[in-house]
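First up is the structure itself, then whatever we jot down about it.
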Amino acid sequence: MKLDKPVIGGPCWTELGTSDLDGAQRFYHRLFGWRSETDPRQEAGGYTVAHLGDAAVAALAPLYQESQPVAWNVSFLVADADATAAQAEASGATVLVGPMDVFDVGRFVVVLDPTGAAFQLWEARTFPGAGLFNAPGTLGWVELMTRAPERAIAFYRALFGWSVNASPHYTQWGIEGADFGGMVTMDEKFPHEVPAHWLPYFAVADVDESAAKATEAGGSALMEPTTVADGPRIAVLRDPQGAMFGVYRAGDYAD
């Protein structure tokens with residue numbers, strides 16, 4: 001993506017809710033080289049931050065509710081979490097969690113958009129979000145999978161002011177034209193039980209090697225490595241606990 005740091009309205013963080021925190025740490029360490037640090041405070045509930053070098057790049061956490069799926073979640077930076085959550089509700093979204101304070105680091109909301117995709121709002125205090133983007137092992141693109149693309153465009157454009165670069169095959173989201181993500185329309189190829197969702201993509205040096213490594217570590221490839229016409233080389237993977245995520249060749253989304 002063309003953003004290299006958290007900006008208001010853009011993706012700032014991604015976190016995994018998993019049924020096996022220890023297993024997830026082992027898997028992503030092997031795949032991306034992440035070094036994990038679990039918050040020792042009891043009230044943190046096992047929240048674990050993954051690092052590359054000194055940079056915080058993602059988080060892994062146990063499931064906090066029985067209804068919570070094993071999944072990666074994407075957070076977007078906002079100036080006022082309460083006001084943005086209220087605006088989202090007025091536009092047809094549902095607030096699932098919050099707004100709530102997270103210690104002194106920020107204020108947090110989980111929202112279900114009008115098309116059924118969950119995402120998160122983050123109002124930063126001491127923690128603005130990921131310290132590194134677009135490098136191998138870090139977040140570099142986010143993609144909305146939805147069955148109602150026109151409604152999604154109207155909702156996110158009004159909520160965040162995103163620019164929309166649409167073509168017959170793919171729609172890209174941006175902040176003042178700096179694209180950071182895209183949208184795929186879920187058609188009959190997607191099983192009916194798969195809900196609308198946001199999918200994070202992590203940069204890697206070699207997509208084919210990463211897909212093979214994920215499979216060797218107990219994961220699977222939902223979409224084998226492929227080069228998109230006039231686009232990046234990508235794969236969509238699933239970790240051993242069932243969470244989906246994408247990988248792309250570092251540099252392919254930079255232009």
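If you're wondering about the labels, chains in the structure tokens are A, B, ... by order shown, residues count from 1 in each chain, ligands from 1 in order shown.
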Counting only C-alpha atoms, what are the residues of stretch 109-224 of chain A within 7 Å of stretch 55-68 of chain A, and for each of them which pair of atoms is the nearest and at what distance in Å, to one decimal? Sort the table by chain and rising number, as JSON lines.
```
{"residue": "A:Ala130", "atom": "CA", "partner": "A:Val57", "partner_atom": "CA", "distance": 4.8}
{"residue": "A:Gly131", "atom": "CA", "partner": "A:Ala55", "partner_atom": "CA", "distance": 4.9}
{"residue": "A:Leu132", "atom": "CA", "partner": "A:Ala55", "partner_atom": "CA", "distance": 6.2}
{"residue": "A:Thr138", "atom": "CA", "partner": "A:Val57", "partner_atom": "CA", "distance": 5.9}
```
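By chain and then residue number, the residues within 7 Å of A:Val247 are Tyr201, Phe202, Ala203, Val204, Val207, Ile234, Ala235 and Val236 of chain A, counting only C-alpha atoms and disregarding those fewer than 4 positions away in sequence.
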Taking only C-alpha atoms into account, produce a table as CSV in which each residue of stretch 69-145 of chain A with an atom at most 9 Å from an atom of stretch 27-47 of chain A appears once, together with its shortest atom pair and the distance in Å to one decimal, ordered by chain and rising number.
```
residue,atom,partner,partner_atom,distance
A:Val102,CA,A:Ala44,CA,8.8
A:Phe103,CA,A:Ala44,CA,8.9
A:Pro136,CA,A:Phe32,CA,7.5
A:Gly137,CA,A:Phe32,CA,4.8
A:Thr138,CA,A:Phe32,CA,8.2
```
File dump, residues just selected, C-alpha atoms, as a short mmCIF file (atom, residue, chain, number, x, y, z; two decimals), in the first residue's frame:
```cif
data_model
loop_
_atom_site.label_atom_id
_atom_site.label_comp_id
_atom_site.auth_asym_id
_atom_site.auth_seq_id
_atom_site.Cartn_x
_atom_site.Cartn_y
_atom_site.Cartn_z
CA VAL A 102 -7.74 -0.16 26.41
CA PHE A 103 -5.57 0.84 29.37
CA PRO A 136 8.30 -8.66 4.53
CA GLY A 137 6.31 -9.98 7.49
CA THR A 138 4.19 -6.84 7.90
#
```
Worksheet item: Of the candidates A:Ala85, A:Glu123, A:Gly174, A:Ala118, which shows the shortest atom-to-atom distance to A:Asp101, using only C-alpha atoms?
Response: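 Nearest candidate to A:Asp101 out of A:Ala85, A:Glu123, A:Gly174, A:Ala118: A:Glu123.
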Listing only residues of stretch 35-95 of chain A within 7 Å of stretch 240-243 of chain A, what is the closest atom pair and its distance in Å (to one decimal) for each, using only C-alpha atoms, sorted by chain and residue number ascending, as JSON lines?
```
{"residue": "A:Val70", "atom": "CA", "partner": "A:Ala243", "partner_atom": "CA", "distance": 5.5}
{"residue": "A:Ala71", "atom": "CA", "partner": "A:Ala243", "partner_atom": "CA", "distance": 4.5}
{"residue": "A:Trp72", "atom": "CA", "partner": "A:Ala243", "partner_atom": "CA", "distance": 6.3}
```
Go ahead and save the picked residues with N, CA, C and O atoms, as a PDB file, in the first residue's frame.
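So the final result, stored in selection19.pdb, reads:
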```
ATOM      1  N   VAL A  70     -12.610 -17.541  14.829  1.00  0.00           N
ATOM      2  CA  VAL A  70     -11.164 -17.511  14.626  1.00  0.00           C
ATOM      3  C   VAL A  70     -10.920 -16.733  13.335  1.00  0.00           C
ATOM      4  O   VAL A  70     -11.334 -17.173  12.249  1.00  0.00           O
ATOM      5  N   ALA A  71     -10.303 -15.573  13.455  1.00  0.00           N
ATOM      6  CA  ALA A  71     -10.173 -14.710  12.276  1.00  0.00           C
ATOM      7  C   ALA A  71      -9.186 -13.583  12.531  1.00  0.00           C
ATOM      8  O   ALA A  71      -8.960 -13.177  13.684  1.00  0.00           O
ATOM      9  N   TRP A  72      -8.618 -13.083  11.437  1.00  0.00           N
ATOM     10  CA  TRP A  72      -7.859 -11.838  11.472  1.00  0.00           C
ATOM     11  C   TRP A  72      -8.823 -10.661  11.381  1.00  0.00           C
ATOM     12  O   TRP A  72      -9.825 -10.721  10.660  1.00  0.00           O
TER      13      TRP A  72
END
```
Item to complete: Mind checking which residues fall within 7 Å of A:Gln87, counting only C-alpha atoms, ignoring those fewer than 4 positions away in the same chain, and posting them as a ChimeraX atom specification?
Response: /A:83,91,159
For the selection you just gave me, I'd like the residues written to a file as a short mmCIF file (atom, residue, chain, number, x, y, z; two decimals), in the first residue's frame, keeping N, CA and C atoms.
```cif
data_model
loop_
_atom_site.label_atom_id
_atom_site.label_comp_id
_atom_site.auth_asym_id
_atom_site.auth_seq_id
_atom_site.Cartn_x
_atom_site.Cartn_y
_atom_site.Cartn_z
N ALA A 83 -17.57 9.17 18.26
CA ALA A 83 -18.27 9.87 17.20
C ALA A 83 -18.33 9.03 15.92
N SER A 91 -25.44 5.06 9.80
CA SER A 91 -25.35 4.67 8.38
C SER A 91 -25.70 3.20 8.17
N LEU A 159 -18.09 7.24 5.80
CA LEU A 159 -17.53 7.11 7.15
C LEU A 159 -16.11 7.63 7.24
#
```
Fill in: Best match for closeness to A:Pro191 among A:Met1, A:Ala117, A:Cys12, A:Arg147, counting only C-alpha atoms
A:Arg147
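Atom CA of A:Ala124 to atom CA of A:Val74 spans 14.8 Å [interatomic distance, one decimal].
Restricting the calculation to only C-alpha atoms, the smallest distance between A:Phe160 and any of A:Thr227, A:Ser210, A:Asn134, A:Thr84 is found for A:Thr84.
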Item to complete: Pick out the closest residue to A:Asp113 from this set: A:Val49, A:Ala196, A:Ile175, A:Leu77. Count only C-alpha atoms.
Response: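 Closest to A:Asp113, using only C-alpha atoms: A:Ala196.
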Item to complete: Any chance you could list, as a PyMOL selection string, the residues in stretch 8-255 of chain A that come up alpha helix (DSSP H) when DSSP is run on the backbone?
Response: chain A and resi 21-32+81-90+149-160+207-216
Worksheet item: What does the distance between atom CA of A:Asn73 and atom CA of A:Ser167 come to in Å, to one decimal place?
Response: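 Interatomic distance here is 26.0 Å.
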Worksheet item: Could you work out how far atom CA of A:Phe190 lies from atom CA of A:Asp208, giving the answer in Å with one decimal?
Response: 23.3 Å
Worksheet item: From the list A:Leu52, A:Leu112, A:Leu21, A:Val105, which residue is nearest A:Pro195 when using only C-alpha atoms?
Response: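 So, comparing all the options, the nearest one is A:Leu112.
All residues of stretch 111-159 of chain A that DSSP, run on the backbone, classes as strand (DSSP E or B) are Val111, Leu112, Ala118, Phe119, Gln120, Leu121, Trp122, Glu123, Ala124, Leu139, Gly140, Trp141, Val142, Glu143, Leu144, Met145 and Thr146 of chain A.
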With all heavy atoms retained, write the just-selected residues as a short mmCIF file (atom, residue, chain, number, x, y, z; two decimals), in the first residue's frame.
```cif
data_model
loop_
_atom_site.label_atom_id
_atom_site.label_comp_id
_atom_site.auth_asym_id
_atom_site.auth_seq_id
_atom_site.Cartn_x
_atom_site.Cartn_y
_atom_site.Cartn_z
N VAL A 111 -17.10 -2.99 14.92
CA VAL A 111 -18.28 -2.61 14.14
C VAL A 111 -18.57 -3.68 13.09
O VAL A 111 -17.65 -4.24 12.50
CB VAL A 111 -18.06 -1.25 13.46
CG1 VAL A 111 -19.27 -0.84 12.63
CG2 VAL A 111 -17.73 -0.17 14.48
N LEU A 112 -19.83 -3.94 12.85
CA LEU A 112 -20.27 -4.79 11.74
C LEU A 112 -20.86 -3.87 10.69
O LEU A 112 -21.86 -3.19 10.94
CB LEU A 112 -21.32 -5.79 12.22
CG LEU A 112 -21.64 -6.96 11.27
CD1 LEU A 112 -20.46 -7.93 11.20
CD2 LEU A 112 -22.89 -7.70 11.77
N ALA A 118 -17.07 -7.39 9.66
CA ALA A 118 -16.60 -6.79 10.90
C ALA A 118 -15.29 -6.05 10.67
O ALA A 118 -14.43 -6.48 9.89
CB ALA A 118 -16.41 -7.85 11.97
N PHE A 119 -15.13 -4.91 11.35
CA PHE A 119 -13.88 -4.17 11.36
C PHE A 119 -13.78 -3.44 12.68
O PHE A 119 -14.72 -3.43 13.47
CB PHE A 119 -13.79 -3.21 10.17
CG PHE A 119 -14.79 -2.07 10.19
CD1 PHE A 119 -14.42 -0.81 10.64
CD2 PHE A 119 -16.10 -2.26 9.76
CE1 PHE A 119 -15.34 0.24 10.65
CE2 PHE A 119 -17.02 -1.22 9.77
CZ PHE A 119 -16.64 0.03 10.22
N GLN A 120 -12.64 -2.81 12.92
CA GLN A 120 -12.40 -2.16 14.20
C GLN A 120 -12.00 -0.70 14.01
O GLN A 120 -11.35 -0.35 13.03
CB GLN A 120 -11.30 -2.92 14.96
CG GLN A 120 -11.71 -4.36 15.23
CD GLN A 120 -10.63 -5.22 15.86
OE1 GLN A 120 -10.91 -6.34 16.31
NE2 GLN A 120 -9.40 -4.75 15.89
N LEU A 121 -12.40 0.11 14.97
CA LEU A 121 -11.99 1.51 15.04
C LEU A 121 -10.97 1.64 16.17
O LEU A 121 -11.14 1.06 17.24
CB LEU A 121 -13.18 2.41 15.33
CG LEU A 121 -14.38 2.32 14.38
CD1 LEU A 121 -15.53 3.19 14.90
CD2 LEU A 121 -13.99 2.73 12.97
N TRP A 122 -9.94 2.44 15.92
CA TRP A 122 -8.92 2.65 16.94
C TRP A 122 -8.63 4.14 17.08
O TRP A 122 -8.20 4.78 16.14
CB TRP A 122 -7.62 1.91 16.57
CG TRP A 122 -6.53 2.08 17.59
CD1 TRP A 122 -5.37 2.79 17.45
CD2 TRP A 122 -6.51 1.54 18.92
NE1 TRP A 122 -4.62 2.73 18.61
CE2 TRP A 122 -5.30 1.96 19.52
CE3 TRP A 122 -7.39 0.74 19.66
CZ2 TRP A 122 -4.95 1.60 20.84
CZ3 TRP A 122 -7.04 0.40 20.96
CH2 TRP A 122 -5.83 0.82 21.53
N GLU A 123 -8.91 4.66 18.27
CA GLU A 123 -8.54 6.04 18.62
C GLU A 123 -7.26 5.97 19.44
O GLU A 123 -7.27 5.48 20.57
CB GLU A 123 -9.66 6.69 19.43
CG GLU A 123 -9.35 8.11 19.87
CD GLU A 123 -10.40 8.67 20.83
OE1 GLU A 123 -11.57 8.21 20.77
OE2 GLU A 123 -10.05 9.55 21.64
N ALA A 124 -6.17 6.42 18.85
CA ALA A 124 -4.86 6.24 19.48
C ALA A 124 -4.64 7.22 20.62
O ALA A 124 -5.03 8.38 20.56
CB ALA A 124 -3.76 6.42 18.44
N LEU A 139 2.00 -5.92 7.58
CA LEU A 139 0.77 -5.61 6.85
C LEU A 139 1.08 -4.68 5.68
O LEU A 139 1.83 -3.72 5.82
CB LEU A 139 -0.22 -4.93 7.81
CG LEU A 139 -1.60 -4.60 7.24
CD1 LEU A 139 -2.39 -5.87 6.91
CD2 LEU A 139 -2.39 -3.73 8.24
N GLY A 140 0.48 -4.99 4.51
CA GLY A 140 0.72 -4.15 3.35
C GLY A 140 -0.49 -3.91 2.48
O GLY A 140 -0.42 -3.14 1.52
N TRP A 141 -1.63 -4.53 2.81
CA TRP A 141 -2.84 -4.36 1.99
C TRP A 141 -4.00 -4.93 2.79
O TRP A 141 -3.83 -5.86 3.56
CB TRP A 141 -2.70 -5.11 0.67
CG TRP A 141 -3.71 -4.77 -0.40
CD1 TRP A 141 -4.75 -5.55 -0.82
CD2 TRP A 141 -3.75 -3.60 -1.22
NE1 TRP A 141 -5.43 -4.94 -1.85
CE2 TRP A 141 -4.83 -3.74 -2.12
CE3 TRP A 141 -2.97 -2.44 -1.28
CZ2 TRP A 141 -5.17 -2.76 -3.06
CZ3 TRP A 141 -3.29 -1.47 -2.22
CH2 TRP A 141 -4.37 -1.63 -3.09
N VAL A 142 -5.19 -4.35 2.64
CA VAL A 142 -6.39 -4.89 3.27
C VAL A 142 -7.49 -4.97 2.22
O VAL A 142 -7.61 -4.09 1.37
CB VAL A 142 -6.85 -4.05 4.49
CG1 VAL A 142 -5.79 -4.10 5.59
CG2 VAL A 142 -7.14 -2.62 4.10
N GLU A 143 -8.28 -6.02 2.29
CA GLU A 143 -9.26 -6.27 1.23
C GLU A 143 -10.61 -6.62 1.83
O GLU A 143 -10.71 -7.50 2.69
CB GLU A 143 -8.75 -7.42 0.37
CG GLU A 143 -9.48 -7.60 -0.95
CD GLU A 143 -8.71 -8.56 -1.84
OE1 GLU A 143 -8.76 -9.79 -1.57
OE2 GLU A 143 -8.05 -8.12 -2.80
N LEU A 144 -11.64 -5.93 1.38
CA LEU A 144 -13.00 -6.21 1.80
C LEU A 144 -13.63 -7.21 0.84
O LEU A 144 -13.65 -7.00 -0.37
CB LEU A 144 -13.83 -4.92 1.82
CG LEU A 144 -15.33 -5.09 2.10
CD1 LEU A 144 -15.57 -5.63 3.51
CD2 LEU A 144 -16.08 -3.77 1.90
N MET A 145 -14.14 -8.29 1.40
CA MET A 145 -14.89 -9.28 0.63
C MET A 145 -16.36 -9.09 0.98
O MET A 145 -16.75 -9.25 2.15
CB MET A 145 -14.44 -10.70 0.99
CG MET A 145 -12.94 -10.87 1.17
SD MET A 145 -12.00 -10.76 -0.35
CE MET A 145 -12.21 -12.42 -0.95
N THR A 146 -17.20 -8.76 0.00
CA THR A 146 -18.58 -8.43 0.29
C THR A 146 -19.49 -8.82 -0.85
O THR A 146 -19.07 -8.89 -2.01
CB THR A 146 -18.74 -6.92 0.58
OG1 THR A 146 -20.11 -6.63 0.88
CG2 THR A 146 -18.30 -6.08 -0.61
#
```
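The shortest atom-to-atom distance to A:His197, with only C-alpha atoms taken into account, belongs to A:Pro69 out of A:Tyr248, A:Pro69, A:Ala211, A:Ala217.
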Worksheet item: Which residues come within 10 Å of A:Ala221, counting only C-alpha atoms, excluding same-chain residues fewer than 6 positions away, as number ranges by chain?
Response: A: 211-212, 214-215, 235-239, 244-246
Could the residues in this selection be written to a file with N, CA and C atoms, as an mmCIF file, in the first residue's frame?
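Output (part-v9.cif):
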```
data_model
loop_
_atom_site.group_PDB
_atom_site.id
_atom_site.type_symbol
_atom_site.label_atom_id
_atom_site.label_comp_id
_atom_site.auth_asym_id
_atom_site.auth_seq_id
_atom_site.Cartn_x
_atom_site.Cartn_y
_atom_site.Cartn_z
ATOM 1 N N ALA A 211 3.812 -19.830 0.814
ATOM 2 C CA ALA A 211 2.674 -20.742 0.762
ATOM 3 C C ALA A 211 3.107 -22.158 1.114
ATOM 4 N N ALA A 212 4.266 -22.574 0.607
ATOM 5 C CA ALA A 212 4.779 -23.908 0.931
ATOM 6 C C ALA A 212 5.114 -24.019 2.408
ATOM 7 N N ALA A 214 3.785 -22.297 4.879
ATOM 8 C CA ALA A 214 2.548 -22.320 5.656
ATOM 9 C C ALA A 214 1.938 -23.717 5.661
ATOM 10 N N THR A 215 1.961 -24.390 4.525
ATOM 11 C CA THR A 215 1.417 -25.743 4.435
ATOM 12 C C THR A 215 2.233 -26.721 5.279
ATOM 13 N N ALA A 235 -1.235 -15.012 -2.716
ATOM 14 C CA ALA A 235 -1.844 -16.277 -2.315
ATOM 15 C C ALA A 235 -2.728 -15.979 -1.112
ATOM 16 N N VAL A 236 -3.766 -16.771 -0.933
ATOM 17 C CA VAL A 236 -4.618 -16.671 0.254
ATOM 18 C C VAL A 236 -4.446 -17.962 1.041
ATOM 19 N N LEU A 237 -4.079 -17.821 2.309
ATOM 20 C CA LEU A 237 -3.716 -18.957 3.145
ATOM 21 C C LEU A 237 -4.649 -19.071 4.347
ATOM 22 N N ARG A 238 -4.601 -20.226 4.995
ATOM 23 C CA ARG A 238 -5.354 -20.424 6.233
ATOM 24 C C ARG A 238 -4.409 -21.039 7.248
ATOM 25 N N ASP A 239 -4.391 -20.486 8.461
ATOM 26 C CA ASP A 239 -3.490 -21.005 9.484
ATOM 27 C C ASP A 239 -4.071 -22.278 10.098
ATOM 28 N N MET A 244 -8.019 -16.979 8.004
ATOM 29 C CA MET A 244 -7.593 -16.692 6.637
ATOM 30 C C MET A 244 -6.788 -15.399 6.588
ATOM 31 N N PHE A 245 -5.804 -15.351 5.704
ATOM 32 C CA PHE A 245 -5.021 -14.145 5.458
ATOM 33 C C PHE A 245 -4.372 -14.267 4.097
ATOM 34 N N GLY A 246 -3.938 -13.156 3.555
ATOM 35 C CA GLY A 246 -3.272 -13.169 2.268
ATOM 36 C C GLY A 246 -1.805 -12.838 2.400
#
```
